[in-house]
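Have a look at the structure below, then the notes.
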Amino acid sequence: MTTDTELIKKKIIYRSNYRGTKEMDKLLGAFTEKYIDQFNEEDLNLLIKLLEIDDNNLYNFYNGLKTDIKFEENKINNLFKNFKY
């Protein structure tokens with residue numbers, strides 16, 4: 001029997017691997033695979049928020065380019081920004 005957290009993790013893994021662009025599929029898939037088991041419930045909620053952002057803004061944020069939205073300073077965004085694929 002799976003717990004709610006395990007179900008949420010499975011949904012996050014799926015969403016991070018099937019984004020719409022190959023580049024973001026690979027980048028977010030690798031990021032999620034590396035860190036998901038280290039995240040607590042609060043971190044998972046922040047990751048879900050990150051995954052709701054469109055690929056173009058995520059790509060620009062990751063590469064230090066201008067984005068159309070303001071990214072919060074938090075653990076997940078900082079980990080993603082500094083993640084080396």
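In the structure tokens, chains take letters A, B, ... by order of appearance, with residues numbered from 1 within each chain and ligands from 1 in the order shown.
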
List the neighbours of region 70-83 of chain A out to 7 Å using only C-alpha atoms; skip same-chain residues closer than 4 positions along the sequence, and give me the result as a ChimeraX atom specification.
-> /A:31,43,46-47,62

For region 3-17 of chain A, work out the shell of residues within 6 Å, counting only C-alpha atoms and skipping chain neighbours fewer than 5 positions away, then give it as a list in words.
-> Asp25, Leu28 and Gly29 of chain A

May I have the selected residues written with all heavy atoms, as a PDB file, in the first residue's frame?
```pdb
ATOM      1  N   ASP A  25      12.569  18.036 -20.128  1.00  0.00           N
ATOM      2  CA  ASP A  25      12.327  16.659 -19.676  1.00  0.00           C
ATOM      3  C   ASP A  25      13.587  16.090 -19.046  1.00  0.00           C
ATOM      4  O   ASP A  25      13.555  15.533 -17.954  1.00  0.00           O
ATOM      5  CB  ASP A  25      11.932  15.748 -20.847  1.00  0.00           C
ATOM      6  CG  ASP A  25      10.569  16.041 -21.427  1.00  0.00           C
ATOM      7  OD1 ASP A  25       9.820  16.847 -20.842  1.00  0.00           O
ATOM      8  OD2 ASP A  25      10.257  15.463 -22.484  1.00  0.00           O
ATOM      9  N   LEU A  28      14.809  18.503 -15.761  1.00  0.00           N
ATOM     10  CA  LEU A  28      13.966  18.341 -14.575  1.00  0.00           C
ATOM     11  C   LEU A  28      13.879  16.885 -14.134  1.00  0.00           C
ATOM     12  O   LEU A  28      13.791  16.599 -12.937  1.00  0.00           O
ATOM     13  CB  LEU A  28      12.568  18.902 -14.825  1.00  0.00           C
ATOM     14  CG  LEU A  28      12.490  20.419 -14.741  1.00  0.00           C
ATOM     15  CD1 LEU A  28      11.174  20.923 -15.292  1.00  0.00           C
ATOM     16  CD2 LEU A  28      12.671  20.888 -13.319  1.00  0.00           C
ATOM     17  N   GLY A  29      13.922  15.964 -15.086  1.00  0.00           N
ATOM     18  CA  GLY A  29      13.924  14.552 -14.741  1.00  0.00           C
ATOM     19  C   GLY A  29      15.150  14.181 -13.924  1.00  0.00           C
ATOM     20  O   GLY A  29      15.056  13.495 -12.903  1.00  0.00           O
TER      21      GLY A  29
END
```

Contacts of Gly20 (chain A) within 12 Å, only C-alpha atoms, excl. fewer than 6 positions in-chain, as a compact mmCIF listing (two decimals) with N, CA and C atoms, in the first residue's frame:
```txt
# COMPACT_ATOMS: atom_id res chain seq x y z
N LYS A 26 14.69 16.25 -19.73
CA LYS A 26 15.96 15.69 -19.25
C LYS A 26 16.47 16.43 -18.01
N LEU A 28 14.81 18.50 -15.76
CA LEU A 28 13.97 18.34 -14.57
C LEU A 28 13.88 16.88 -14.13
N LEU A 51 7.31 23.02 -10.83
CA LEU A 51 6.90 22.28 -12.02
C LEU A 51 5.69 22.89 -12.73
N ASP A 54 6.05 27.39 -16.69
CA ASP A 54 6.27 26.96 -18.08
C ASP A 54 7.75 26.73 -18.39
N ASP A 55 8.00 25.91 -19.39
CA ASP A 55 9.36 25.50 -19.75
C ASP A 55 10.27 26.67 -20.10
N ASN A 56 9.76 27.64 -20.82
CA ASN A 56 10.58 28.77 -21.25
C ASN A 56 11.12 29.55 -20.04
```

With a distance cut-off of 12 Å and only C-alpha atoms, select the neighbouring residues of Asn57 (chain A), excluding the residue or stretch itself and same-chain residues fewer than 6 positions from it, and output the selection as a ChimeraX atom specification.
-> /A:24,50-51,63-71

Go ahead and write the selection's residues with N, CA and C atoms as a PDB file, in the first residue's frame.
```pdb
ATOM      1  N   MET A  24      13.878  20.244 -21.170  1.00  0.00           N
ATOM      2  CA  MET A  24      13.356  20.336 -19.812  1.00  0.00           C
ATOM      3  C   MET A  24      12.991  18.960 -19.259  1.00  0.00           C
ATOM      4  N   LEU A  50       7.277  24.698  -8.606  1.00  0.00           N
ATOM      5  CA  LEU A  50       8.295  24.889  -9.639  1.00  0.00           C
ATOM      6  C   LEU A  50       7.867  24.212 -10.943  1.00  0.00           C
ATOM      7  N   LEU A  51       7.312  23.022 -10.835  1.00  0.00           N
ATOM      8  CA  LEU A  51       6.903  22.275 -12.022  1.00  0.00           C
ATOM      9  C   LEU A  51       5.695  22.894 -12.728  1.00  0.00           C
ATOM     10  N   ASN A  63      19.324  29.097 -16.603  1.00  0.00           N
ATOM     11  CA  ASN A  63      20.488  29.622 -17.314  1.00  0.00           C
ATOM     12  C   ASN A  63      20.822  31.069 -16.975  1.00  0.00           C
ATOM     13  N   GLY A  64      20.130  31.637 -15.999  1.00  0.00           N
ATOM     14  CA  GLY A  64      20.431  32.995 -15.558  1.00  0.00           C
ATOM     15  C   GLY A  64      19.970  34.067 -16.519  1.00  0.00           C
ATOM     16  N   LEU A  65      18.995  33.760 -17.342  1.00  0.00           N
ATOM     17  CA  LEU A  65      18.456  34.721 -18.302  1.00  0.00           C
ATOM     18  C   LEU A  65      17.215  35.394 -17.725  1.00  0.00           C
ATOM     19  N   LYS A  66      16.739  36.422 -18.407  1.00  0.00           N
ATOM     20  CA  LYS A  66      15.553  37.159 -17.965  1.00  0.00           C
ATOM     21  C   LYS A  66      14.311  36.275 -18.063  1.00  0.00           C
ATOM     22  N   THR A  67      13.470  36.347 -17.027  1.00  0.00           N
ATOM     23  CA  THR A  67      12.227  35.577 -17.005  1.00  0.00           C
ATOM     24  C   THR A  67      11.037  36.529 -16.951  1.00  0.00           C
ATOM     25  N   ASP A  68       9.882  36.022 -17.333  1.00  0.00           N
ATOM     26  CA  ASP A  68       8.649  36.809 -17.298  1.00  0.00           C
ATOM     27  C   ASP A  68       8.025  36.837 -15.907  1.00  0.00           C
ATOM     28  N   ILE A  69       8.496  35.983 -15.029  1.00  0.00           N
ATOM     29  CA  ILE A  69       7.955  35.912 -13.674  1.00  0.00           C
ATOM     30  C   ILE A  69       9.089  36.044 -12.661  1.00  0.00           C
ATOM     31  N   LYS A  70       8.717  36.362 -11.431  1.00  0.00           N
ATOM     32  CA  LYS A  70       9.715  36.457 -10.366  1.00  0.00           C
ATOM     33  C   LYS A  70       9.753  35.126  -9.615  1.00  0.00           C
ATOM     34  N   PHE A  71      10.920  34.571  -9.491  1.00  0.00           N
ATOM     35  CA  PHE A  71      11.116  33.320  -8.762  1.00  0.00           C
ATOM     36  C   PHE A  71      11.415  33.623  -7.300  1.00  0.00           C
TER      37      PHE A  71
END
```

Within chain A, find each residue whose DSSP state, derived from the backbone, is alpha helix (DSSP H), and express the selection as a PyMOL selection string.
-> chain A and resi 4-17+22-35+41-51+55-62+75-82
